[in-house]
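Engineer: Sending over target35.txt (compact mmCIF, C-alpha atoms (C1' of nucleotides)).
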# COMPACT_ATOMS: atom_id res chain seq x y z
CA MET A 115 88.53 122.33 110.29
CA THR A 116 87.82 125.44 112.31
CA GLY A 117 84.10 124.86 112.59
CA ASN A 118 81.82 122.54 110.70
CA SER A 119 80.00 123.81 107.65
CA ARG A 120 76.91 121.66 107.95
CA PHE A 121 74.59 124.55 108.67
CA ALA A 122 75.99 126.76 105.92
CA VAL A 123 75.86 124.00 103.31
CA SER A 124 72.38 122.96 104.42
CA LEU A 125 71.11 126.48 103.90
CA HIS A 126 72.67 126.51 100.46
CA ILE A 127 70.92 123.23 99.69
CA LEU A 128 67.53 124.49 100.83
CA ALA A 129 67.96 127.79 99.00
CA TYR A 130 68.77 125.81 95.89
CA LEU A 131 65.69 123.63 96.27
CA ALA A 132 63.57 126.74 96.71
CA TYR A 133 65.20 128.19 93.61
CA ARG A 134 64.25 125.09 91.62
CA ALA A 135 60.67 125.60 92.71
CA GLY A 136 59.34 122.13 93.44
CA MET A 137 61.32 120.20 90.86
CA SER A 138 62.90 116.91 91.87
CA VAL A 139 66.59 117.77 92.10
CA PRO A 140 69.33 115.11 92.19
CA SER A 141 72.19 115.45 94.66
CA ALA A 142 74.72 115.77 91.85
CA GLU A 143 73.11 118.98 90.64
CA ILE A 144 73.15 120.50 94.13
CA ALA A 145 76.74 119.35 94.59
CA ALA A 146 77.69 121.27 91.45
CA SER A 147 76.25 124.45 92.95
CA VAL A 148 77.94 123.92 96.32
CA ASP A 149 81.11 122.67 94.62
CA THR A 150 81.57 119.48 96.60
CA ASN A 151 80.96 115.75 96.39
CA PRO A 152 77.37 114.48 95.97
CA VAL A 153 77.81 112.20 98.99
CA VAL A 154 78.42 115.21 101.20
CA ILE A 155 75.12 116.64 99.97
CA ARG A 156 73.25 113.38 100.48
CA ARG A 157 74.59 113.06 104.01
CA LEU A 158 73.14 116.42 104.94
CA LEU A 159 69.94 115.74 103.05
CA SER A 160 69.59 112.56 105.05
CA SER A 161 69.31 114.69 108.20
CA LEU A 162 66.95 117.14 106.53
CA VAL A 163 64.68 114.32 105.39
CA LYS A 164 64.59 112.87 108.90
CA ALA A 165 63.58 116.32 110.18
CA ARG A 166 60.77 116.35 107.58
CA LEU A 167 62.06 119.50 105.92
CA VAL A 168 62.78 117.74 102.62
CA LYS A 169 61.27 114.87 100.66
CA ALA A 170 63.43 112.27 98.89
CA GLN A 171 62.47 110.29 95.80
CA LYS A 172 64.55 107.23 94.97
CA GLY A 173 65.25 105.78 91.56
CA ALA A 174 65.60 107.16 88.06
CA SER A 175 64.42 110.75 87.67
CA GLY A 176 64.28 110.92 91.46
CA GLY A 177 65.85 113.53 93.71
CA PHE A 178 64.98 115.94 96.48
CA SER A 179 62.40 118.65 96.98
CA LEU A 180 61.18 120.82 99.84
CA ALA A 181 58.59 119.19 102.09
CA SER A 182 56.72 122.47 102.56
CA THR A 183 56.58 126.09 101.49
CA PRO A 184 59.94 127.89 101.85
CA ASP A 185 58.24 130.39 104.15
CA ASN A 186 57.28 127.57 106.48
CA ILE A 187 60.90 126.51 107.08
CA SER A 188 62.77 128.63 109.61
CA LEU A 189 66.53 128.67 109.84
CA LEU A 190 66.16 127.38 113.38
CA ASP A 191 64.45 124.28 111.98
CA VAL A 192 67.46 123.78 109.75
CA TYR A 193 69.95 124.46 112.51
CA ARG A 194 68.37 121.90 114.81
CA ALA A 195 68.16 119.35 112.02
CA VAL A 196 71.83 119.34 111.11
CA GLU A 197 73.85 120.73 114.02
CA PRO A 198 74.84 118.48 116.88
CA GLN A 199 73.72 119.57 120.33
CA PRO A 200 76.07 122.43 121.25
CA ASP A 201 77.98 121.69 124.44
CA HIS A 202 80.10 124.87 124.54
CA GLY A 203 83.03 122.86 125.82
CA LEU A 204 81.19 121.54 128.85
CA LYS A 205 81.47 117.93 127.75
CA HIS A 206 85.21 117.94 128.40
CA PHE A 207 85.03 120.10 131.50
CA SER A 208 85.21 118.20 134.77
CA PRO A 209 86.43 120.54 137.49
CA ASN A 210 87.59 119.43 140.92
CA HIS A 211 84.47 119.11 143.05
CA LYS A 212 86.50 119.26 146.25
CA CYS A 213 87.09 122.94 145.50
CA PRO A 214 84.21 125.28 146.37
CA VAL A 215 84.53 126.92 142.96
CA GLY A 216 84.86 123.67 141.04
CA ALA A 217 81.86 122.23 142.81
CA LYS A 218 79.46 124.95 141.69
CA ILE A 219 80.84 126.46 138.50
CA GLU A 220 79.54 123.77 136.21
CA SER A 221 75.84 124.37 136.77
CA ILE A 222 76.35 128.14 136.65
CA LEU A 223 78.08 127.90 133.27
CA HIS A 224 75.37 125.60 132.04
CA ALA A 225 72.72 128.25 132.71
CA ILE A 226 74.83 130.96 131.07
CA PHE A 227 75.45 128.95 127.93
CA PHE A 228 71.80 128.04 127.70
CA LYS A 229 70.84 131.71 127.62
CA ALA A 230 73.54 132.56 125.11
CA GLN A 231 72.36 129.74 122.88
CA ALA A 232 68.77 130.93 123.19
CA GLY A 233 69.82 134.41 122.12
CA MET A 234 71.36 133.02 118.97
CA GLU A 235 68.47 130.70 118.18
CA ALA A 236 65.97 133.53 118.57
CA GLU A 237 67.66 135.31 115.67
CA LEU A 238 67.51 132.17 113.52
CA ALA A 239 63.88 131.55 114.40
CA HIS A 240 62.51 134.59 112.61
CA VAL A 241 64.31 134.08 109.32
CA THR A 242 62.91 131.63 106.78
CA VAL A 243 64.24 129.79 103.75
CA GLY A 244 61.71 131.81 101.80
CA GLN A 245 63.41 135.03 102.87
CA VAL A 246 66.79 133.68 101.84
CA HIS A 247 65.29 132.74 98.49
CA ALA A 248 63.85 136.21 98.11
CA GLN A 249 67.27 137.75 98.70
CA LEU A 250 68.69 135.61 95.92
CA HIS A 251 66.19 137.04 93.48
CA ALA A 252 66.64 140.58 94.70
CA VAL A 253 69.97 140.87 92.94
CA CYS A 254 69.73 138.09 90.37
CA PRO A 255 66.14 138.05 89.08
CA GLY A 256 66.81 136.03 85.91
CA LYS A 257 66.15 132.37 86.64
CA LYS A 258 68.34 130.36 84.33
CA MET B 132 86.95 117.38 120.93
CA THR B 133 83.43 118.40 120.04
CA GLY B 134 83.93 122.06 120.79
CA ASN B 135 86.77 123.81 122.55
CA SER B 136 86.53 124.52 126.26
CA ARG B 137 88.54 127.74 126.30
CA PHE B 138 85.61 129.94 127.22
CA ALA B 139 84.33 127.61 129.93
CA VAL B 140 87.75 127.17 131.51
CA SER B 141 88.46 130.90 131.27
CA LEU B 142 85.28 131.67 133.18
CA HIS B 143 86.29 129.14 135.79
CA ILE B 144 89.67 130.85 136.07
CA LEU B 145 88.18 134.32 136.48
CA ALA B 146 85.59 133.09 138.95
CA TYR B 147 88.42 131.53 140.93
CA LEU B 148 90.42 134.76 140.90
CA ALA B 149 87.35 136.67 142.09
CA TYR B 150 86.88 134.06 144.81
CA ARG B 151 90.47 134.62 145.98
CA ALA B 152 89.67 138.30 146.26
CA GLY B 153 92.76 140.07 144.97
CA MET B 154 95.38 137.57 146.12
CA SER B 155 98.18 136.64 143.73
CA VAL B 156 97.23 133.13 142.64
CA PRO B 157 99.70 130.80 140.90
CA SER B 158 98.60 128.79 137.88
CA ALA B 159 99.14 125.52 139.75
CA GLU B 160 96.46 126.40 142.28
CA ILE B 161 93.96 127.29 139.58
CA ALA B 162 94.87 124.11 137.72
CA ALA B 163 93.98 122.11 140.81
CA SER B 164 90.52 123.66 140.86
CA VAL B 165 89.96 123.12 137.14
CA ASP B 166 91.64 119.69 137.30
CA THR B 167 94.05 120.11 134.42
CA ASN B 168 97.67 120.95 133.69
CA PRO B 169 99.07 124.34 134.80
CA VAL B 170 100.31 125.03 131.27
CA VAL B 171 96.75 124.84 129.98
CA ILE B 172 95.80 127.47 132.53
CA ARG B 173 98.76 129.69 131.70
CA ARG B 174 97.97 129.51 127.99
CA LEU B 175 94.50 130.87 128.61
CA LEU B 176 95.77 133.41 131.11
CA SER B 177 98.19 134.61 128.47
CA SER B 178 95.20 135.63 126.35
CA LEU B 179 93.41 137.17 129.31
CA VAL B 180 96.48 139.23 130.21
CA LYS B 181 96.77 140.47 126.63
CA ALA B 182 93.13 141.52 126.82
CA ARG B 183 93.91 143.44 130.04
CA LEU B 184 91.43 141.44 132.08
CA VAL B 185 94.09 139.91 134.32
CA LYS B 186 97.45 141.00 135.72
CA ALA B 187 100.43 138.66 135.90
CA GLN B 188 103.27 138.79 138.41
CA LYS B 189 106.40 136.81 137.63
CA GLY B 190 108.83 135.26 140.08
CA ALA B 191 108.56 133.76 143.53
CA SER B 192 105.26 134.45 145.30
CA GLY B 193 103.99 135.73 141.95
CA GLY B 194 100.80 134.68 140.21
CA PHE B 195 97.67 136.14 138.66
CA SER B 196 94.96 138.51 139.79
CA LEU B 197 92.03 140.35 138.23
CA ALA B 198 92.93 143.62 136.54
CA SER B 199 89.71 145.27 137.65
CA THR B 200 86.58 144.77 139.74
CA PRO B 201 84.72 141.55 138.90
CA ASP B 202 81.66 143.64 138.09
CA ASN B 203 83.66 145.49 135.45
CA ILE B 204 84.41 142.31 133.48
CA SER B 205 81.60 141.11 131.24
CA LEU B 206 81.42 137.60 129.87
CA LEU B 207 81.57 139.12 126.40
CA ASP B 208 84.97 140.59 127.27
CA VAL B 209 86.11 137.10 128.21
CA TYR B 210 84.56 135.50 125.15
CA ARG B 211 86.31 137.89 122.79
CA ALA B 212 89.60 137.46 124.62
CA VAL B 213 89.84 133.69 124.31
CA GLU B 214 87.61 132.54 121.47
CA PRO B 215 88.85 132.62 117.91
CA GLN B 216 86.77 134.64 115.47
CA PRO B 217 83.70 132.45 114.75
CA ASP B 218 83.39 131.64 111.08
CA HIS B 219 80.30 129.40 111.27
CA GLY B 220 81.78 127.14 108.63
CA LEU B 221 82.11 129.89 106.05
CA LYS B 222 85.88 129.61 105.86
CA HIS B 223 85.63 126.23 104.16
CA PHE B 224 82.62 127.15 102.05
CA SER B 225 83.41 128.13 98.47
CA PRO B 226 80.33 127.60 96.32
CA ASN B 227 80.32 127.60 92.57
CA HIS B 228 79.99 131.24 91.47
CA LYS B 229 78.82 130.23 88.02
CA CYS B 230 75.56 129.14 89.60
CA PRO B 231 73.10 131.95 90.41
CA VAL B 232 72.59 130.50 93.87
CA GLY B 233 76.26 129.87 94.54
CA ALA B 234 77.12 133.38 93.44
CA LYS B 235 74.91 135.11 96.00
CA ILE B 236 74.47 132.71 98.91
CA GLU B 237 77.75 133.50 100.57
CA SER B 238 77.05 137.13 101.39
CA ILE B 239 73.51 136.29 102.46
CA LEU B 240 74.76 133.68 104.90
CA HIS B 241 77.37 136.07 106.16
CA ALA B 242 74.67 138.58 107.16
CA ILE B 243 72.58 135.86 108.81
CA PHE B 244 75.46 134.50 110.85
CA PHE B 245 76.43 137.98 111.93
CA LYS B 246 72.98 138.56 113.39
CA ALA B 247 72.92 135.18 115.07
CA GLN B 248 76.30 135.85 116.61
CA ALA B 249 75.13 139.27 117.79
CA GLY B 250 72.13 137.66 119.47
CA MET B 251 74.41 135.38 121.42
CA GLU B 252 76.90 138.08 122.34
CA ALA B 253 74.13 140.34 123.60
CA GLU B 254 73.32 137.74 126.23
CA LEU B 255 76.95 137.49 127.28
CA ALA B 256 77.33 141.26 127.42
CA HIS B 257 75.01 141.78 130.36
CA VAL B 258 76.48 139.12 132.62
CA THR B 259 79.62 139.89 134.63
CA VAL B 260 82.27 137.87 136.41
CA GLY B 261 80.99 139.53 139.57
CA GLN B 262 77.57 137.96 139.02
CA VAL B 263 79.12 134.56 138.50
CA HIS B 264 81.07 135.05 141.71
CA ALA B 265 77.89 136.02 143.54
CA GLN B 266 76.22 132.82 142.40
CA LEU B 267 79.07 130.81 143.82
CA HIS B 268 78.52 132.34 147.24
CA ALA B 269 74.77 131.99 147.05
CA VAL B 270 74.93 128.26 147.64
CA CYS B 271 78.35 127.86 149.24
CA PRO B 272 78.91 130.87 151.52
CA GLY B 273 81.75 129.37 153.54
CA LYS B 274 85.04 130.53 152.00
CA LYS B 275 87.66 127.92 152.73
C1' DC C 33 61.48 93.47 82.01
C1' DC C 34 65.76 95.68 81.64
C1' DT C 35 68.59 99.31 81.95
C1' DA C 36 69.94 103.72 83.42
C1' DA C 37 69.75 106.82 87.12
C1' DA C 38 69.29 107.88 91.62
C1' DT C 39 69.31 107.42 96.82
C1' DG C 40 71.36 105.39 101.27
C1' DT C 41 75.28 104.24 103.76
C1' DA C 42 79.55 102.16 105.11
C1' DA C 43 84.43 102.65 105.15
C1' DC C 44 88.70 105.03 104.81
C1' DA C 45 92.37 108.79 104.30
C1' DA C 46 93.84 113.52 104.83
C1' DT C 47 93.48 117.53 107.38
C1' DT C 48 92.80 120.23 111.34
C1' DC C 49 91.86 121.38 116.15
C1' DT C 50 92.25 120.70 121.03
C1' DC C 51 94.34 119.30 125.04
C1' DG C 52 97.73 117.39 127.98
C1' DT C 53 102.52 116.99 128.74
C1' DT C 54 107.57 117.84 128.97
C1' DA C 55 111.14 120.96 128.73
C1' DC C 56 113.47 125.01 129.46
C1' DA C 57 114.52 130.06 129.49
C1' DT C 58 113.48 134.04 132.23
C1' DA C 59 112.14 136.79 136.06
C1' DT C 60 111.75 137.94 141.00
C1' DC C 61 110.92 137.53 145.91
C1' DT C 62 113.17 136.30 150.37
C1' DA D 227 121.93 132.25 145.87
C1' DG D 228 118.07 129.50 145.55
C1' DA D 229 113.30 128.58 145.37
C1' DT D 230 109.25 129.71 142.96
C1' DA D 231 106.60 131.31 139.01
C1' DT D 232 105.58 132.88 134.51
C1' DG D 233 106.14 132.42 129.25
C1' DT D 234 106.35 129.62 125.49
C1' DA D 235 107.88 126.16 122.25
C1' DA D 236 107.37 121.44 120.81
C1' DC D 237 105.19 117.13 120.46
C1' DG D 238 101.67 113.27 120.66
C1' DA D 239 97.08 111.35 121.29
C1' DG D 240 92.41 111.70 120.25
C1' DA D 241 88.41 113.48 117.95
C1' DA D 242 85.79 115.79 114.33
C1' DT D 243 85.06 117.14 109.51
C1' DT D 244 85.27 116.55 104.82
C1' DG D 245 86.14 114.37 100.53
C1' DT D 246 86.23 110.07 98.21
C1' DT D 247 85.33 105.24 96.64
C1' DA D 248 82.40 101.51 96.68
C1' DC D 249 78.30 99.12 96.58
C1' DA D 250 73.45 97.68 97.67
C1' DT D 251 68.84 99.15 96.76
C1' DT D 252 65.14 101.40 94.51
C1' DT D 253 62.48 103.14 90.62
C1' DA D 254 61.11 105.50 86.20
C1' DG D 255 60.61 104.73 81.46
C1' DG D 256 61.30 102.73 77.00
Let me see the structure of the file written as structure tokens.
Structural biologist:
Amino acid sequence: MTGNSRFAVSLHILAYLAYRAGMSVPSAEIAASVDTNPVVIRRLLSSLVKARLVKAQKGASGGFSLASTPDNISLLDVYRAVEPQPDHGLKHFSPNHKCPVGAKIESILHAIFFKAQAGMEAELAHVTVGQVHAQLHAVCPGKK
Amino acid sequence: MTGNSRFAVSLHILAYLAYRAGMSVPSAEIAASVDTNPVVIRRLLSSLVKARLVKAQKGASGGFSLASTPDNISLLDVYRAVEPQPDHGLKHFSPNHKCPVGAKIESILHAIFFKAQAGMEAELAHVTVGQVHAQLHAVCPGKK
DNA sequence: CCTAAATGTAACAATTCTCGTTACATATCT
DNA sequence: AGATATGTAACGAGAATTGTTACATTTAGG
């Protein structure tokens, strides 16, 4: 795969839970909306539950629901819950420390990538699941 | 690999070319600094040449050199030259359009990812290869 | 209390990406 | 002419992602 789709699918999941407005929603129903296997959905939900963004209810008539108001969940919360720590290629980057450039470049790149990452996360921080939900309704107001 | 290291290695390459101050540098020498195979270096340089950031000289005593002043090359130029178009997982994301959520989520996510990407690129835009080069000298002033 | 429905997770295959490596054609300086 | 470099194709190993099957565990509800 080019890039992983964990973040995109997770946002779909949370938007769907917001759409179902507090109901307990089984993974199979979400999987039908995302068009994938329920296990894929449960794997992501497992991370979202650990991050306290979602509550899980086992057993018959169980399922998942948001742990708080959609407006209280930022996309940065979601991003951090499901995306692995971004390394920007530095994990497999071991330059020759005997070279003056190789000796110093690593820490310089680290600082640069940190700032770039911060710039991206700042954009995610001020968008909420509630806003995504609102955009869904803006064009498609009729709840099924 | 977790993520690709094209951008990181490319910055190392350009910092090395700046460090060698206009000399024609063969890929083998750069590879020694990065600690990898010369073909890996030439592959990346191929992209950098296409983007007009670097000049190549074939034949004996040939090699590579910066196409302009280090201060005229921004990290965003480099990023765009060597990184594939980021899709944020949307390429392999085809939700069920029969569902009200699945029908609309894709374009909403597209807009969100575009802004997030722009936030990151803005940080890269105001850093130059010249600044990276300056940081190298700041701690290690003795050129070999 | 029993059954149906649901989560939680392990395991595995198929696909894709990245990187290192070898090989070789081509170009060019000395 | 010969040594030195680029340019690029081809291939394999390793890792990550996703879909899938399988199964243990939990729980609501009749």
Engineer: Between CA of Glu235 in chain A and CA of Ala212 in chain B, what distance in Å does the model show, to one decimal?
Structural biologist: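 Between CA of Glu235 in chain A and CA of Ala212 in chain B the gap works out to 23.1 Å.
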Engineer: Do me a favour and pick out the residues of chain A within 8 Å of chain B, using all atoms listed in the file, as a ChimeraX atom specification.
Structural biologist: /A:115-123,126,129-130,133,146-149,200-211,213-216,218-219,222-223,226,229-238,246,249-250,254,257-258
Engineer: Output the contact residues of chain C with respect to chain B at a cut-off of 12 Å, based on only C-alpha atoms (C1' of nucleotides), as a list in words.
Structural biologist: DT48, DC49, DT50, DC51, DG52, DT53, DT54, DA55, DT58, DA59, DT60, DC61 and DT62 of chain C
Engineer: Give me, as CSV, the closest atom pair and its distance (Å, one decimal) for every residue of chain D within a cut-off of 9 Å of chain B, counting only C-alpha atoms (C1' of nucleotides), rows sorted by chain and rising number.
Structural biologist:
residue,atom,partner,partner_atom,distance
D:DA229,C1',B:Ala191,CA,7.3
D:DT230,C1',B:Ala191,CA,4.1
D:DA231,C1',B:Gly190,CA,4.7
D:DT232,C1',B:Lys189,CA,5.1
D:DG233,C1',B:Arg173,CA,8.2
D:DT234,C1',B:Arg174,CA,8.7
D:DG240,C1',B:Met132,CA,7.9
D:DA241,C1',B:Met132,CA,5.1
D:DA242,C1',B:Thr133,CA,6.7
Engineer: What does the distance from CA of Val213 in chain B to CA of Ala269 in chain B come to in Å, to one decimal?
Structural biologist: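 About the pair CA of Val213 in chain B and CA of Ala269 in chain B: they are 27.3 Å apart.
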Engineer: Expressed in Å to a single decimal, how great is the separation between CA of Ser205 in chain B and CA of Ala265 in chain B?
Structural biologist: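 Straight-line distance from CA of Ser205 in chain B to CA of Ala265 in chain B works out to 13.8 Å.
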Engineer: Write only C-alpha atoms (C1' of nucleotides) for chain C from the block just shown, as an mmCIF file, in the first residue's frame.
Structural biologist:
data_model
loop_
_atom_site.group_PDB
_atom_site.id
_atom_site.type_symbol
_atom_site.label_atom_id
_atom_site.label_comp_id
_atom_site.auth_asym_id
_atom_site.auth_seq_id
_atom_site.Cartn_x
_atom_site.Cartn_y
_atom_site.Cartn_z
ATOM 1 C "C1'" DC C 33 -30.195 -20.781 31.936
ATOM 2 C "C1'" DC C 34 -29.500 -20.996 27.166
ATOM 3 C "C1'" DT C 35 -28.900 -19.163 22.979
ATOM 4 C "C1'" DA C 36 -27.856 -15.636 19.833
ATOM 5 C "C1'" DA C 37 -25.028 -11.788 19.095
ATOM 6 C "C1'" DA C 38 -21.191 -9.263 19.807
ATOM 7 C "C1'" DT C 39 -16.282 -8.000 21.065
ATOM 8 C "C1'" DG C 40 -11.135 -9.198 21.322
ATOM 9 C "C1'" DT C 41 -7.317 -11.146 19.177
ATOM 10 C "C1'" DA C 42 -4.281 -14.374 17.007
ATOM 11 C "C1'" DA C 43 -2.711 -16.168 12.723
ATOM 12 C "C1'" DC C 44 -2.019 -16.229 7.874
ATOM 13 C "C1'" DA C 45 -1.923 -14.924 2.759
ATOM 14 C "C1'" DA C 46 -1.760 -11.477 -0.848
ATOM 15 C "C1'" DT C 47 -0.210 -7.160 -2.151
ATOM 16 C "C1'" DT C 48 2.759 -3.350 -2.214
ATOM 17 C "C1'" DC C 49 6.713 -0.437 -1.092
ATOM 18 C "C1'" DT C 50 11.476 0.379 -0.086
ATOM 19 C "C1'" DC C 51 16.135 -0.457 -0.284
ATOM 20 C "C1'" DG C 52 20.322 -2.649 -1.500
ATOM 21 C "C1'" DT C 53 22.684 -4.902 -5.104
ATOM 22 C "C1'" DT C 54 24.431 -6.416 -9.683
ATOM 23 C "C1'" DA C 55 24.855 -5.505 -14.320
ATOM 24 C "C1'" DC C 56 25.603 -2.963 -18.234
ATOM 25 C "C1'" DA C 57 25.100 0.784 -21.755
ATOM 26 C "C1'" DT C 58 26.608 5.443 -22.444
ATOM 27 C "C1'" DA C 59 29.235 9.554 -22.021
ATOM 28 C "C1'" DT C 60 33.490 12.264 -21.323
ATOM 29 C "C1'" DC C 61 37.827 13.863 -19.443
ATOM 30 C "C1'" DT C 62 42.923 13.235 -19.769
#
